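Undergrad: Sharing start27.cif, mmCIF, C-alpha atoms and all ligand atoms:
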data_entry
#
loop_
_atom_site.label_atom_id
_atom_site.label_comp_id
_atom_site.auth_asym_id
_atom_site.auth_seq_id
_atom_site.Cartn_x
_atom_site.Cartn_y
_atom_site.Cartn_z
CA MET A 1034 -15.58 17.97 -5.98
CA ASP A 1035 -15.16 16.87 -9.62
CA ARG A 1036 -16.16 13.21 -10.00
CA ASN A 1037 -13.86 12.89 -13.01
CA ALA A 1038 -10.83 14.05 -11.03
CA PRO A 1039 -8.04 11.54 -10.31
CA VAL A 1040 -7.54 9.46 -7.19
CA GLY A 1041 -4.24 10.16 -5.42
CA VAL A 1042 -2.29 7.08 -4.34
CA PHE A 1043 0.98 7.26 -2.43
CA ASP A 1044 3.63 5.07 -0.91
CA SER A 1045 7.18 5.36 0.34
CA GLY A 1046 8.33 3.98 -3.02
CA VAL A 1047 7.37 1.31 -5.52
CA GLY A 1048 5.49 -1.04 -3.16
CA GLY A 1049 2.22 0.88 -3.35
CA LEU A 1050 2.07 0.03 -7.04
CA THR A 1051 0.60 -3.30 -5.87
CA VAL A 1052 -2.35 -1.25 -4.58
CA ALA A 1053 -2.49 0.92 -7.73
CA ARG A 1054 -2.53 -2.31 -9.77
CA GLU A 1055 -5.57 -3.53 -7.86
CA ILE A 1056 -7.38 -0.19 -8.25
CA ILE A 1057 -6.72 -0.28 -12.01
CA ARG A 1058 -8.03 -3.85 -12.14
CA GLN A 1059 -11.21 -3.13 -10.20
CA MET A 1060 -11.90 0.40 -11.43
CA PRO A 1061 -10.49 0.69 -14.95
CA GLY A 1062 -12.36 3.96 -15.52
CA GLU A 1063 -10.58 5.91 -12.77
CA ARG A 1064 -7.68 8.30 -13.25
CA ILE A 1065 -4.75 7.82 -10.86
CA ILE A 1066 -1.94 10.10 -9.71
CA TYR A 1067 0.68 7.97 -7.98
CA PHE A 1068 3.46 9.36 -5.84
CA GLY A 1069 6.38 7.18 -4.68
CA ASP A 1070 8.67 8.79 -2.12
CA THR A 1071 11.76 7.09 -3.53
CA ALA A 1072 14.16 9.67 -2.03
CA ARG A 1073 13.03 8.97 1.52
CA VAL A 1074 12.17 5.25 1.44
CA PRO A 1075 12.11 3.24 3.71
CA TYR A 1076 9.41 4.54 6.04
CA GLY A 1077 9.38 1.26 7.97
CA SER A 1078 12.32 2.21 10.19
CA LYS A 1079 11.41 5.91 10.67
CA SER A 1080 9.62 7.56 13.57
CA ARG A 1081 5.91 8.31 13.70
CA ASP A 1082 6.51 12.09 13.57
CA THR A 1083 8.67 11.81 10.49
CA VAL A 1084 6.19 9.60 8.64
CA ILE A 1085 3.35 12.01 9.52
CA ARG A 1086 5.38 14.95 8.20
CA TYR A 1087 6.16 13.11 4.94
CA SER A 1088 2.52 12.09 4.54
CA ARG A 1089 1.32 15.69 4.97
CA GLN A 1090 3.77 16.91 2.33
CA ILE A 1091 2.66 14.25 -0.13
CA ILE A 1092 -1.03 15.01 0.42
CA ARG A 1093 -0.33 18.74 -0.14
CA PHE A 1094 1.40 17.83 -3.40
CA LEU A 1095 -1.46 15.55 -4.50
CA LEU A 1096 -3.94 18.32 -3.77
CA THR A 1097 -2.12 20.51 -6.30
CA ARG A 1098 -3.08 17.82 -8.86
CA ASN A 1099 -6.75 18.20 -7.82
CA VAL A 1100 -7.29 14.66 -6.54
CA LYS A 1101 -10.79 13.76 -5.29
CA ALA A 1102 -9.69 11.14 -2.75
CA ILE A 1103 -6.45 9.72 -1.38
CA VAL A 1104 -5.33 6.15 -0.79
CA ILE A 1105 -2.37 5.76 1.55
CA ALA A 1106 -0.97 2.69 -0.18
CA CYS A 1107 1.67 2.12 2.48
CA ASN A 1108 1.13 0.14 5.65
CA THR A 1109 3.62 2.15 7.69
CA ALA A 1110 2.12 5.50 6.68
CA SER A 1111 -1.39 4.11 7.24
CA ALA A 1112 -0.33 2.92 10.70
CA TYR A 1113 1.27 6.20 11.73
CA ALA A 1114 -0.42 8.97 9.77
CA LEU A 1115 -3.97 8.05 8.69
CA ASP A 1116 -5.69 9.15 11.93
CA THR A 1117 -3.91 12.52 11.82
CA VAL A 1118 -4.25 13.41 8.14
CA GLU A 1119 -7.87 12.36 7.75
CA LYS A 1120 -8.75 15.04 10.33
CA GLU A 1121 -6.50 17.68 8.78
CA PHE A 1122 -7.49 17.47 5.12
CA ASP A 1123 -10.88 18.12 3.61
CA LEU A 1124 -11.16 15.10 1.31
CA PRO A 1125 -11.67 11.37 1.84
CA VAL A 1126 -8.47 9.52 2.82
CA ILE A 1127 -8.25 5.75 3.27
CA GLY A 1128 -5.40 3.49 4.31
CA VAL A 1129 -4.66 -0.20 3.80
CA ILE A 1130 -4.86 -1.51 7.36
CA ARG A 1131 -8.60 -1.71 8.07
CA ALA A 1132 -9.16 -3.49 4.77
CA GLY A 1133 -6.45 -6.09 5.47
CA ALA A 1134 -7.60 -6.59 9.06
CA LEU A 1135 -11.22 -7.14 8.03
CA THR A 1136 -10.33 -9.71 5.39
CA ALA A 1137 -8.18 -11.63 7.87
CA VAL A 1138 -10.83 -11.62 10.60
CA ASN A 1139 -13.38 -12.94 8.10
CA ALA A 1140 -11.00 -15.53 6.67
CA THR A 1141 -9.70 -17.21 9.83
CA ARG A 1142 -11.31 -20.45 10.95
CA ASN A 1143 -9.21 -21.20 14.05
CA GLY A 1144 -8.95 -17.55 15.22
CA LYS A 1145 -5.13 -17.51 14.96
CA ILE A 1146 -3.90 -14.77 12.64
CA GLY A 1147 -0.36 -13.75 11.74
CA VAL A 1148 0.74 -10.36 10.46
CA ILE A 1149 4.04 -9.56 8.79
CA GLY A 1150 5.16 -5.99 8.13
CA THR A 1151 7.86 -3.41 8.67
CA GLU A 1152 9.24 -2.61 12.11
CA GLY A 1153 7.08 0.54 12.14
CA THR A 1154 3.84 -1.24 11.32
CA VAL A 1155 4.44 -4.16 13.67
CA GLY A 1156 5.77 -1.90 16.45
CA SER A 1157 2.66 0.31 16.23
CA GLY A 1158 0.49 -2.70 17.14
CA ILE A 1159 -2.20 -1.34 14.85
CA TYR A 1160 -3.18 -4.56 13.08
CA THR A 1161 -3.67 -6.34 16.41
CA GLU A 1162 -5.67 -3.42 17.79
CA VAL A 1163 -7.97 -3.16 14.77
CA MET A 1164 -8.52 -6.92 14.48
CA LYS A 1165 -9.30 -7.22 18.21
CA GLN A 1166 -11.88 -4.43 17.82
CA MET A 1167 -13.46 -6.41 14.99
CA ASN A 1168 -13.37 -9.70 16.91
CA PRO A 1169 -12.00 -9.77 20.48
CA GLN A 1170 -11.56 -13.58 20.28
CA VAL A 1171 -8.80 -13.58 17.63
CA GLN A 1172 -5.19 -14.23 18.62
CA VAL A 1173 -2.76 -12.16 16.60
CA THR A 1174 0.98 -12.74 16.24
CA ALA A 1175 2.89 -10.02 14.42
CA LYS A 1176 6.42 -10.33 13.08
CA ALA A 1177 8.59 -7.63 11.52
CA CYS A 1178 10.46 -8.77 8.40
CA PRO A 1179 12.75 -5.78 7.70
CA LEU A 1180 14.87 -7.51 5.04
CA PHE A 1181 11.92 -8.26 2.76
CA VAL A 1182 11.69 -4.69 1.42
CA PRO A 1183 15.33 -4.48 0.23
CA LEU A 1184 15.09 -7.99 -1.23
CA VAL A 1185 12.07 -6.94 -3.32
CA GLU A 1186 13.71 -3.64 -4.30
CA GLU A 1187 16.73 -5.62 -5.51
CA GLY A 1188 14.44 -7.83 -7.59
CA LEU A 1189 15.33 -11.00 -5.65
CA LEU A 1190 11.77 -12.29 -5.78
CA HIS A 1191 12.74 -15.88 -6.53
CA ASP A 1192 16.13 -16.42 -4.99
CA SER A 1193 17.65 -18.82 -2.47
CA VAL A 1194 18.70 -15.87 -0.28
CA THR A 1195 15.07 -14.75 -0.05
CA ASP A 1196 13.95 -18.33 0.71
CA GLU A 1197 16.47 -18.60 3.55
CA ILE A 1198 15.53 -15.26 5.12
CA ALA A 1199 11.80 -15.93 4.74
CA SER A 1200 12.17 -19.36 6.41
CA ARG A 1201 13.84 -17.76 9.41
CA TYR A 1202 11.29 -14.95 9.76
CA LEU A 1203 8.29 -17.22 9.31
CA SER A 1204 9.38 -20.08 11.60
CA GLU A 1205 8.00 -18.26 14.65
CA LEU A 1206 4.61 -17.85 12.97
CA LYS A 1207 4.54 -21.49 11.92
CA GLY A 1208 4.96 -22.43 15.57
CA LYS A 1209 1.77 -20.47 16.43
CA PHE A 1210 -0.44 -22.58 14.13
CA ILE A 1211 -1.95 -19.56 12.41
CA ASP A 1212 -4.35 -20.28 9.54
CA THR A 1213 -4.35 -16.72 8.10
CA LEU A 1214 -1.43 -14.42 7.38
CA VAL A 1215 -1.72 -10.72 6.50
CA LEU A 1216 0.91 -9.47 4.06
CA GLY A 1217 1.03 -6.19 5.98
CA CYS A 1218 3.53 -4.36 3.80
CA THR A 1219 3.08 -3.20 0.24
CA HIS A 1220 6.13 -5.10 -0.99
CA TYR A 1221 5.15 -8.47 0.42
CA PRO A 1222 2.51 -9.47 -2.17
CA LEU A 1223 5.48 -9.68 -4.56
CA LEU A 1224 6.91 -12.43 -2.30
CA ARG A 1225 3.58 -14.22 -2.14
CA SER A 1226 4.76 -17.47 -3.73
CA THR A 1227 7.77 -17.77 -1.40
CA VAL A 1228 5.74 -16.96 1.71
CA GLY A 1229 2.92 -19.28 0.60
CA ARG A 1230 5.28 -22.18 -0.01
CA ILE A 1231 6.90 -21.81 3.41
CA MET A 1232 3.62 -21.38 5.31
CA GLY A 1233 1.91 -24.24 3.46
CA ASP A 1234 -1.51 -24.71 1.87
CA GLY A 1235 -3.41 -24.50 5.15
CA VAL A 1236 -2.58 -20.80 5.59
CA THR A 1237 -4.64 -18.17 3.74
CA LEU A 1238 -2.54 -15.20 2.63
CA VAL A 1239 -4.30 -11.84 2.80
CA ASN A 1240 -3.25 -9.05 0.46
CA PRO A 1241 -4.81 -5.81 1.78
CA ALA A 1242 -4.52 -4.23 -1.68
CA TYR A 1243 -7.55 -6.12 -2.94
CA GLU A 1244 -9.86 -5.04 -0.10
CA THR A 1245 -8.48 -1.50 -0.18
CA ALA A 1246 -9.57 -1.17 -3.80
CA LEU A 1247 -13.02 -2.48 -2.85
CA GLU A 1248 -13.20 0.06 -0.02
CA LEU A 1249 -12.22 2.86 -2.41
CA ARG A 1250 -14.88 1.79 -4.86
CA ALA A 1251 -17.58 1.76 -2.15
CA LEU A 1252 -16.44 5.17 -0.92
CA LEU A 1253 -16.51 6.77 -4.38
CA GLU A 1254 -19.93 5.28 -5.10
CA GLU A 1255 -21.35 6.43 -1.78
CA ARG A 1256 -20.18 10.00 -2.39
CA GLY A 1257 -21.14 10.14 -6.05
CA LEU A 1258 -17.47 10.49 -6.98
CA THR A 1259 -17.10 7.62 -9.44
CA CYS A 1260 -15.57 8.75 -12.73
CA GLU A 1261 -18.15 8.97 -15.54
CA PRO A 1262 -17.89 6.04 -17.96
CA GLU A 1263 -15.40 6.77 -20.71
CA ALA A 1264 -14.52 10.21 -19.28
CA ALA A 1265 -10.85 9.25 -18.97
CA GLU A 1266 -10.69 6.64 -21.70
CA ASP A 1267 -8.66 8.55 -24.29
CA ASP A 1268 -6.70 10.59 -21.78
CA PRO A 1269 -2.98 9.91 -22.30
CA GLU A 1270 -2.42 11.24 -18.78
CA LYS A 1271 -4.93 8.85 -17.20
CA TYR A 1272 -2.21 7.35 -15.01
CA GLN A 1273 0.49 9.74 -13.86
CA PHE A 1274 3.53 8.78 -11.81
CA TYR A 1275 5.61 11.07 -9.64
CA VAL A 1276 8.63 10.27 -7.48
CA SER A 1277 11.06 12.17 -5.30
CA ASP A 1278 14.17 10.45 -6.75
CA LEU A 1279 15.47 8.10 -9.48
CA ALA A 1280 12.60 8.13 -11.95
CA GLU A 1281 14.10 5.61 -14.43
CA LYS A 1282 14.33 2.76 -11.94
CA PHE A 1283 10.78 3.43 -10.86
CA THR A 1284 9.50 3.45 -14.44
CA ALA A 1285 11.03 0.03 -15.13
CA PHE A 1286 9.60 -1.44 -11.95
CA ALA A 1287 6.16 0.06 -12.57
CA THR A 1288 6.08 -1.33 -16.10
CA SER A 1289 6.99 -4.78 -14.76
CA ILE A 1290 4.03 -4.98 -12.39
CA LEU A 1291 1.28 -2.83 -13.94
CA PRO A 1292 -1.01 -4.04 -16.73
CA ARG A 1293 0.17 -1.31 -19.11
CA GLN A 1294 3.50 0.24 -19.98
CA VAL A 1295 4.54 3.24 -17.91
CA ARG A 1296 6.12 5.72 -20.30
CA GLU A 1297 7.06 8.56 -18.04
CA THR A 1298 7.76 9.20 -14.37
CA ARG A 1299 8.23 12.76 -13.19
CA LYS A 1300 10.59 13.69 -10.41
CA ILE A 1301 9.51 16.46 -8.04
CA ASP A 1302 11.01 18.17 -4.98
CA ILE A 1303 8.66 16.94 -2.26
CA GLU A 1304 10.35 19.05 0.43
CA LYS A 1305 8.78 22.14 -1.19
CA TYR A 1306 5.28 21.06 -0.13
N1 LIG B 1401 5.57 0.79 1.88
C1 LIG B 1401 6.06 0.32 3.15
C2 LIG B 1401 4.95 -0.38 3.91
O1 LIG B 1401 3.97 -0.85 3.35
C3 LIG B 1401 7.23 -0.59 2.99
C4 LIG B 1401 8.49 0.08 2.55
C5 LIG B 1401 9.05 1.06 3.58
O2 LIG B 1401 9.53 0.65 4.64
O3 LIG B 1401 8.95 2.22 3.30
O4 LIG B 1401 5.01 -0.48 5.10
#
The structure given in the file should be rewritten as structure tokens.
TA:
Amino acid sequence: MDRNAPVGVFDSGVGGLTVAREIIRQMPGERIIYFGDTARVPYGSKSRDTVIRYSRQIIRFLLTRNVKAIVIACNTASAYALDTVEKEFDLPVIGVIRAGALTAVNATRNGKIGVIGTEGTVGSGIYTEVMKQMNPQVQVTAKACPLFVPLVEEGLLHDSVTDEIASRYLSELKGKFIDTLVLGCTHYPLLRSTVGRIMGDGVTLVNPAYETALELRALLEERGLTCEPEAAEDDPEKYQFYVSDLAEKFTAFATSILPRQVRETRKIDIEKY
């Protein structure tokens, strides 16, 4: 395995860019190949089998770009597909759920944790299962917030409609007196200020992207796969972006949340893989 090869990062669309952003922040020397499955988003309302099939196709595509490791930067795909694909492919694959669960279990003081995510992630029960394995005493309340993804995709990050919907979704969690809330969907960190305001100062918001980047860093170091210093510095292709549909919209969104301008996004036919 070439230590200077890129890391593959994928999501159902733009949301995983919040994870890519964190990887760039914590490991500025690494190359990244990002794939956003913009033609088939959302994954949150699809079946397990479908999400596993999509994830396999994306990993096959990323392997053609010679990636050295893969980050499933999508909670739904991590929930449904990580266990399957990590056995099927001969390279390290990590998801976002263990990282988010661990941070929450370490952060809670009263043992009451909330999780918000897509219907797929919440329905899978995976966050509860993983957190209970880490600490059987914690009480976990999970709530699906299916309208959050389209609100973010429409750019309604600070809007009264978003406030109203968030208040309704979060009222159940407020009633459970949680002190820690996992933003268990890639899009939700972009609604952090709204969610934080509604939940109040006493609730710690956990963004799994941060811990996922830490986990990736530890994994690359452990396997001697960290990119050599300056190896990718002058590479104009250091960060490459691929999508399955509508590249222009993706490029604009990526530029708005990443620390550097995204010049080009390439569209590929993912069904070929
Ligand atoms: N990326 C997905 C997740 O983190 C959210 C968007 C979707 O439903 O595909 O669960």
Undergrad: Which residues form the shell of 8 Å around ligand LIG 1401 (chain B) when you count only C-alpha atoms and all ligand atoms, given as a count of residues only?
TA: 26
Undergrad: Enter the distance from atom CA of A:Tyr1275 to atom CA of A:Arg1073, in Å, rounded to one decimal.
TA: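 Interatomic distance here is 13.6 Å.
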Undergrad: State, in Å with one decimal place, the distance from atom CA of A:Val1118 to atom CA of A:Leu1095.
TA: 13.1 Å
Undergrad: From the list A:Ile1303, A:Ala1134, A:Gly1257, A:Lys1176, which residue is nearest A:Tyr1202 when using only C-alpha atoms?
TA: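 Once distances to A:Tyr1202 are computed over only C-alpha atoms, the minimum belongs to A:Lys1176.
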Undergrad: Please list as a PyMOL selection string every residue within 9 Å of stretch 1205-1216 of chain A, counting all atoms listed in the file and excluding residues in the same chain fewer than 5 positions away.
TA: chain A and resi 1133-1134+1136-1138+1140-1150+1172-1176+1221-1222+1225+1231-1232+1235-1241
Undergrad: Tell me which of A:Lys1120, A:Arg1098, A:Arg1054, A:Arg1131 sits closest to A:Glu1244, counting only C-alpha atoms.
TA: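 Among A:Lys1120, A:Arg1098, A:Arg1054, A:Arg1131, it is A:Arg1131 that comes nearest to A:Glu1244.
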Undergrad: Quick one: of A:Asn1099, A:Asn1168, A:Ser1226, A:Thr1161, who's nearest to A:Met1034, counting only C-alpha atoms?
TA: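 Of all the options, A:Asn1099 lies closest to A:Met1034.
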Undergrad: Using only C-alpha atoms, which of the listed residues (A:Lys1079, A:Leu1291, A:Arg1036, A:Val1042) sits closest to A:Thr1245?
TA: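 Between A:Lys1079, A:Leu1291, A:Arg1036, A:Val1042, the residue approaching A:Thr1245 most closely is A:Val1042.
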Undergrad: Applying 12 Å and only C-alpha atoms, which residues near stretch 1286-1288 of chain A remain after dropping the ones on its own chain fewer than 2 positions away? List them as a PyMOL selection string.
TA: chain A and resi 1046-1054+1067-1069+1185-1188+1223+1272-1276+1279-1284+1290-1298
Undergrad: How would the residues just chosen look if you wrote them out with C-alpha atoms as a compact mmCIF listing (two decimals), keeping the file's coordinate frame?
TA:
# COMPACT_ATOMS: atom_id res chain seq x y z
CA GLY A 1046 8.33 3.98 -3.02
CA VAL A 1047 7.37 1.31 -5.52
CA GLY A 1048 5.49 -1.04 -3.16
CA GLY A 1049 2.22 0.88 -3.35
CA LEU A 1050 2.07 0.03 -7.04
CA THR A 1051 0.60 -3.30 -5.87
CA VAL A 1052 -2.35 -1.25 -4.58
CA ALA A 1053 -2.49 0.92 -7.73
CA ARG A 1054 -2.53 -2.31 -9.77
CA TYR A 1067 0.68 7.97 -7.98
CA PHE A 1068 3.46 9.36 -5.84
CA GLY A 1069 6.38 7.18 -4.68
CA VAL A 1185 12.07 -6.94 -3.32
CA GLU A 1186 13.71 -3.64 -4.30
CA GLU A 1187 16.73 -5.62 -5.51
CA GLY A 1188 14.44 -7.83 -7.59
CA LEU A 1223 5.48 -9.68 -4.56
CA TYR A 1272 -2.21 7.35 -15.01
CA GLN A 1273 0.49 9.74 -13.86
CA PHE A 1274 3.53 8.78 -11.81
CA TYR A 1275 5.61 11.07 -9.64
CA VAL A 1276 8.63 10.27 -7.48
CA LEU A 1279 15.47 8.10 -9.48
CA ALA A 1280 12.60 8.13 -11.95
CA GLU A 1281 14.10 5.61 -14.43
CA LYS A 1282 14.33 2.76 -11.94
CA PHE A 1283 10.78 3.43 -10.86
CA THR A 1284 9.50 3.45 -14.44
CA ILE A 1290 4.03 -4.98 -12.39
CA LEU A 1291 1.28 -2.83 -13.94
CA PRO A 1292 -1.01 -4.04 -16.73
CA ARG A 1293 0.17 -1.31 -19.11
CA GLN A 1294 3.50 0.24 -19.98
CA VAL A 1295 4.54 3.24 -17.91
CA ARG A 1296 6.12 5.72 -20.30
CA GLU A 1297 7.06 8.56 -18.04
CA THR A 1298 7.76 9.20 -14.37
Undergrad: Of the candidates A:Pro1262, A:Pro1039, A:Gly1128, A:Gly1156, which shows the shortest atom-to-atom distance to A:Val1100, using all atoms listed in the file?
TA: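 Using all atoms listed in the file, the shortest distance to A:Val1100 belongs to A:Pro1039.
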Undergrad: So the first atom is atom CA of A:Phe1181 and the second is atom CA of A:Ala1199; what is the distance between them in Å, to one decimal place?
TA: 7.9 Å
Undergrad: Between A:Val1040, A:Lys1305, A:Pro1183, A:Arg1081, which residue has the minimum interatomic distance to A:Met1060, considering all atoms listed in the file?
TA: A:Val1040
Undergrad: For A:Ser1088, work out the shell of residues within 10 Å, counting only C-alpha atoms and skipping chain neighbours fewer than 6 positions away, then give it as an mmCIF file with C-alpha atoms, keeping the file's coordinate frame.
TA:
data_model
loop_
_atom_site.group_PDB
_atom_site.id
_atom_site.type_symbol
_atom_site.label_atom_id
_atom_site.label_comp_id
_atom_site.auth_asym_id
_atom_site.auth_seq_id
_atom_site.Cartn_x
_atom_site.Cartn_y
_atom_site.Cartn_z
ATOM 1 C CA PHE A 1043 0.980 7.260 -2.430
ATOM 2 C CA ASP A 1044 3.630 5.070 -0.910
ATOM 3 C CA SER A 1045 7.180 5.360 0.340
ATOM 4 C CA ASP A 1070 8.670 8.790 -2.120
ATOM 5 C CA ASP A 1082 6.510 12.090 13.570
ATOM 6 C CA PHE A 1094 1.400 17.830 -3.400
ATOM 7 C CA ILE A 1105 -2.370 5.760 1.550
ATOM 8 C CA ALA A 1110 2.120 5.500 6.680
ATOM 9 C CA SER A 1111 -1.390 4.110 7.240
ATOM 10 C CA TYR A 1113 1.270 6.200 11.730
ATOM 11 C CA ALA A 1114 -0.420 8.970 9.770
ATOM 12 C CA LEU A 1115 -3.970 8.050 8.690
ATOM 13 C CA THR A 1117 -3.910 12.520 11.820
ATOM 14 C CA VAL A 1118 -4.250 13.410 8.140
#
